[in-house]
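Since the structure comes first, as structure tokens, the remarks are kept for the end.
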Amino acid sequence: MPESIGDAEQALDRVAKLAPALAAGASERDRDRRLPRAEIAALSESGLLTITVPRRFGGPGLGATVLARVVAALAAADGSIAQIPQSHFVFLEALARGGSPALGEEIFGRVLRGARIANAQTERGGTTVRDDATRLTRGPGGRLTLTGTKYYCTGAAFADILAVRAVADDGTTVIAYADATAPGITIDDDWAGFGQRTTSSGTVTFDGTPVAGDHLVDYTALLATPSTYGARAQLVHAAIDTGIARGALDAAASVVTGARPWFEAYEAGASRAADDPLLLAQAGDLELAVRGAESLLGTAARRIDDAEAAPADDPAALAEASLATAAAKVAAGRAARRAGSELFDFGGTRTAAEGANLSRYWRDARTHTLHDPERWKLHHLGRWALARELPPSHGTL
């Protein structure tokens, strides 16, 4: 059973204590593509995967602000481990918004007892990433089955429950909460990306997999009404990038201690690389970028919490939550990619040694920031800036 978490202070204390243990083997796991099974078990046991379970279902019901800080702390320790529960939190939110009370009692109860959720969403054959060929079909006696193939199913190897996006017989899109050990499910750990190597983001196939009729959430309806659902999902992505950026900058502080000063800096009086005035300026500029991302992440989380506390029909609050989150996501991605790239400047040529594996920060950042194009977030921010046009509510903003 996971340890209980009652409030924000407990959650933040718990992640602060867990993070060093996750960071300790992150480089070796990445280098060897070794899945972090023991570390994910420890994450579950910490209770941190229960923090968003609503109070009405027995959880702490902590808000977006705490969620963002927890995920960023995990990502600073290991960018792969932080990615694994992203879908867990997103589909707990979908369940809270669109699930029946009976389904909520079951799934939230299992999560409070240690169960983990992973996604089975994306396909490769459609015109866009939102096109699904996976079908939920009703057969004789009303029996429902899933058939199809999903890719990039992050965390599937660690999951007890799979949240599967599929098209029902009536044409609506649903999320089916299927037991990961149900018949007809094949989970392949075939993810071969150069970054976030240990996320278990492989292929999952469903071949007549049975699904209970009350284990469905109407995904079409979930997105039909403006809400903070998409902003919450993007907030977790922004928190991952922010954490990766902070982790890379923390690594720079370590690698610079082993570097020699550039000869011109030495001749100017810098006995250590860390005293090089130009390197100090570069470090300061990076610190500014990372602090900016952290600040925007905090602002976005507060705007989401504010919107969820506001009347349901307050379009201005929902728009501000989406815009603030879009800004945070772009800033976080830029900071993560930059910090991961410039990290090498602080240690010199020796940091390029394969054994040091310092490339993992940039590789994790570059891989993760492919999820949702920053250009479209800038597009919606621009429309707001010039025409006060409210952003759309489609699950990725």
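Quick note on naming: the chains in the structure tokens go A, B, ... in the order shown, residues restart at 1 in each chain, and ligands are numbered from 1 in order of appearance.
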
With 9 Å as the cut-off and only C-alpha atoms counted, what is the closest atom pair between each nearby residue of region 232-288 of chain A and region 327-330 of chain A? Distances in Å to one decimal, ordered by chain and number, as CSV.
```
residue,atom,partner,partner_atom,distance
A:Gln234,CA,A:Lys329,CA,7.1
A:Leu235,CA,A:Lys329,CA,7.1
A:His237,CA,A:Lys329,CA,7.1
A:Ala238,CA,A:Lys329,CA,4.4
A:Ala239,CA,A:Lys329,CA,8.0
A:Asp241,CA,A:Lys329,CA,7.7
A:Thr242,CA,A:Lys329,CA,8.5
```

At a cut-off of 7 Å, using only C-alpha atoms, what residues contact region 318-326 of chain A? Leave out same-chain residues fewer than 4 positions from it and give the result as JSON, numbers by chain. {"A": [227, 228, 231, 234, 235, 299, 300, 303, 304, 307, 314, 330, 377, 381, 390, 391, 397]}

Considering only C-alpha atoms, return as a PyMOL selection string whatever protein or nucleic-acid residues lie within 9 Å of Ala233 (chain A), sequence-local ones (same chain, fewer than 6 positions apart) excluded. chain A and resi 86-87+89-90+93+395-397

For the contact check between region 137-164 of chain A and region 190-197 of chain A, emit one row per residue of region 137-164 of chain A within 10 Å, containing the shortest atom pair and the distance in Å rounded to one decimal, counting only C-alpha atoms, chain then rising number order, as a Markdown table.
```
| residue | atom | partner | partner_atom | distance |
| --- | --- | --- | --- | --- |
| A:Tyr151 | CA | A:Trp191 | CA | 8.9 |
| A:Tyr152 | CA | A:Trp191 | CA | 7.3 |
| A:Cys153 | CA | A:Trp191 | CA | 9.0 |
| A:Thr154 | CA | A:Trp191 | CA | 9.0 |
```

Select, from A:Gly208, A:Pro140, A:Gly109, A:Pro85, the residue with the minimum atom-to-atom distance to Phe57 (chain A), counting only C-alpha atoms.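 Of A:Gly208, A:Pro140, A:Gly109, A:Pro85, the one nearest Phe57 (chain A) is A:Gly109, counting only C-alpha atoms.
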
With only C-alpha atoms as the atoms that count, which of A:Ala274, A:Leu74, A:Met1, A:Leu95 lies nearest to Val15 (chain A)? A:Leu74

Counting only C-alpha atoms, the residue among A:Phe346, A:His88, A:Thr203, A:Asp170 that lies closest to Thr257 (chain A) is A:Phe346

Mind giving me the straight-line distance from CA of Trp362 (chain A) to CA of Tyr229 (chain A) in Å, one decimal? 28.6 Å

Top pick for closest residue to Asp32 (chain A), considering A:Ala283, A:Thr225, A:Arg55, A:Gly355 and counting only C-alpha atoms: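 Going through A:Ala283, A:Thr225, A:Arg55, A:Gly355 one by one, the smallest distance to Asp32 (chain A) is for A:Gly355.
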
CA of Ala115 (chain A) to CA of Asp132 (chain A): how many Å, to one decimal?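 CA of Asp132 (chain A) lies 26.5 Å from CA of Ala115 (chain A).
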
Of the listed residues A:Ala265, A:Ala157, A:Ala221, A:Ala11, that which approaches Val66 (chain A) most closely, counting only C-alpha atoms: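 Of all the options, A:Ala11 lies closest to Val66 (chain A).
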
Residue set, region 164-263 of chain A restricted to helix (DSSP H, G or I), as a PyMOL selection string: chain A and resi 219-224+229-258+263

Let me make sure I understand: among A:Val53, A:Ala301, A:Ala72, A:Ala251, which one has the smallest atom-to-atom distance to Ser341 (chain A) if we use only C-alpha atoms?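 Nearest to Ser341 (chain A): A:Ala251.
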
Apply DSSP to the backbone of this structure and, from region 16-218 of chain A, keep only the residues in strand (DSSP E); write these as a PyMOL selection string. chain A and resi 117-120+135-138+144-153+161-168+173-179+185-188+202-211+216-218

At what distance in Å, to one decimal, does CA of Ala180 (chain A) lie from CA of Ala163 (chain A)?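 Atom-to-atom, CA of Ala163 (chain A) to CA of Ala180 (chain A), that is 9.3 Å.
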
Considering only C-alpha atoms, return as a list of chain:residue names whatever protein or nucleic-acid residues lie within 9 Å of Thr205 (chain A), sequence-local ones (same chain, fewer than 4 positions apart) excluded. A:Thr147, A:Gly148, A:Thr149, A:Lys150, A:Tyr151, A:Gly184, A:Ile185, A:Thr186, A:Ile187, A:Asp188

Atoms kept (C-alpha atoms) for selection, written as a PDB file, in the first residue's frame:
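Final output, out28.pdb:
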```
ATOM      1  CA  THR A 147      -9.165  -4.176 -31.448  1.00  0.00           C
ATOM      2  CA  GLY A 148      -6.249  -2.085 -32.718  1.00  0.00           C
ATOM      3  CA  THR A 149      -2.634  -1.045 -32.228  1.00  0.00           C
ATOM      4  CA  LYS A 150      -1.292   1.916 -30.290  1.00  0.00           C
ATOM      5  CA  TYR A 151       2.200   3.413 -30.262  1.00  0.00           C
ATOM      6  CA  GLY A 184      -5.743 -10.013 -26.051  1.00  0.00           C
ATOM      7  CA  ILE A 185      -3.265  -7.361 -24.849  1.00  0.00           C
ATOM      8  CA  THR A 186       0.342  -7.500 -26.020  1.00  0.00           C
ATOM      9  CA  ILE A 187       2.777  -4.945 -24.589  1.00  0.00           C
ATOM     10  CA  ASP A 188       6.045  -4.589 -26.511  1.00  0.00           C
TER      11      ASP A 188
END
```

Within 8 Å of Ala156 (chain A) using only C-alpha atoms, minus same-chain residues under 3 positions, as an mmCIF file with N, CA and C atoms, in the first residue's frame:
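After the write, around-v5.cif holds the following:
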```
data_model
loop_
_atom_site.group_PDB
_atom_site.id
_atom_site.type_symbol
_atom_site.label_atom_id
_atom_site.label_comp_id
_atom_site.auth_asym_id
_atom_site.auth_seq_id
_atom_site.Cartn_x
_atom_site.Cartn_y
_atom_site.Cartn_z
ATOM 1 N N ILE A 117 -1.684 3.881 -13.984
ATOM 2 C CA ILE A 117 -2.359 3.987 -15.274
ATOM 3 C C ILE A 117 -1.349 4.429 -16.323
ATOM 4 N N ALA A 118 -1.430 3.818 -17.500
ATOM 5 C CA ALA A 118 -0.619 4.253 -18.647
ATOM 6 C C ALA A 118 -1.542 4.492 -19.832
ATOM 7 N N ASN A 119 -1.031 5.240 -20.812
ATOM 8 C CA ASN A 119 -1.862 5.562 -21.969
ATOM 9 C C ASN A 119 -1.687 4.547 -23.092
ATOM 10 N N ALA A 120 -2.733 4.422 -23.890
ATOM 11 C CA ALA A 120 -2.679 3.729 -25.178
ATOM 12 C C ALA A 120 -3.513 4.595 -26.118
ATOM 13 N N CYS A 153 3.203 4.230 -26.108
ATOM 14 C CA CYS A 153 2.356 3.990 -24.928
ATOM 15 C C CYS A 153 3.207 4.075 -23.668
ATOM 16 N N ALA A 159 2.252 -0.581 -16.003
ATOM 17 C CA ALA A 159 0.856 -0.231 -15.736
ATOM 18 C C ALA A 159 0.022 -1.402 -15.238
ATOM 19 N N LEU A 162 -4.717 0.342 -18.461
ATOM 20 C CA LEU A 162 -4.418 1.072 -19.684
ATOM 21 C C LEU A 162 -5.624 1.933 -20.064
ATOM 22 N N ILE A 187 1.992 -6.138 -24.867
ATOM 23 C CA ILE A 187 2.777 -4.945 -24.589
ATOM 24 C C ILE A 187 4.219 -5.210 -25.021
ATOM 25 N N SER A 200 9.464 3.148 -21.352
ATOM 26 C CA SER A 200 8.587 2.071 -21.815
ATOM 27 C C SER A 200 7.485 2.632 -22.718
ATOM 28 N N SER A 201 7.895 3.449 -23.694
ATOM 29 C CA SER A 201 6.937 4.079 -24.606
ATOM 30 C C SER A 201 6.777 3.241 -25.868
ATOM 31 N N GLY A 202 6.434 1.977 -25.694
ATOM 32 C CA GLY A 202 6.390 1.051 -26.808
ATOM 33 C C GLY A 202 5.014 0.860 -27.409
ATOM 34 N N VAL A 204 1.443 -1.211 -28.021
ATOM 35 C CA VAL A 204 0.458 -2.066 -27.353
ATOM 36 C C VAL A 204 -0.593 -2.468 -28.377
#
```
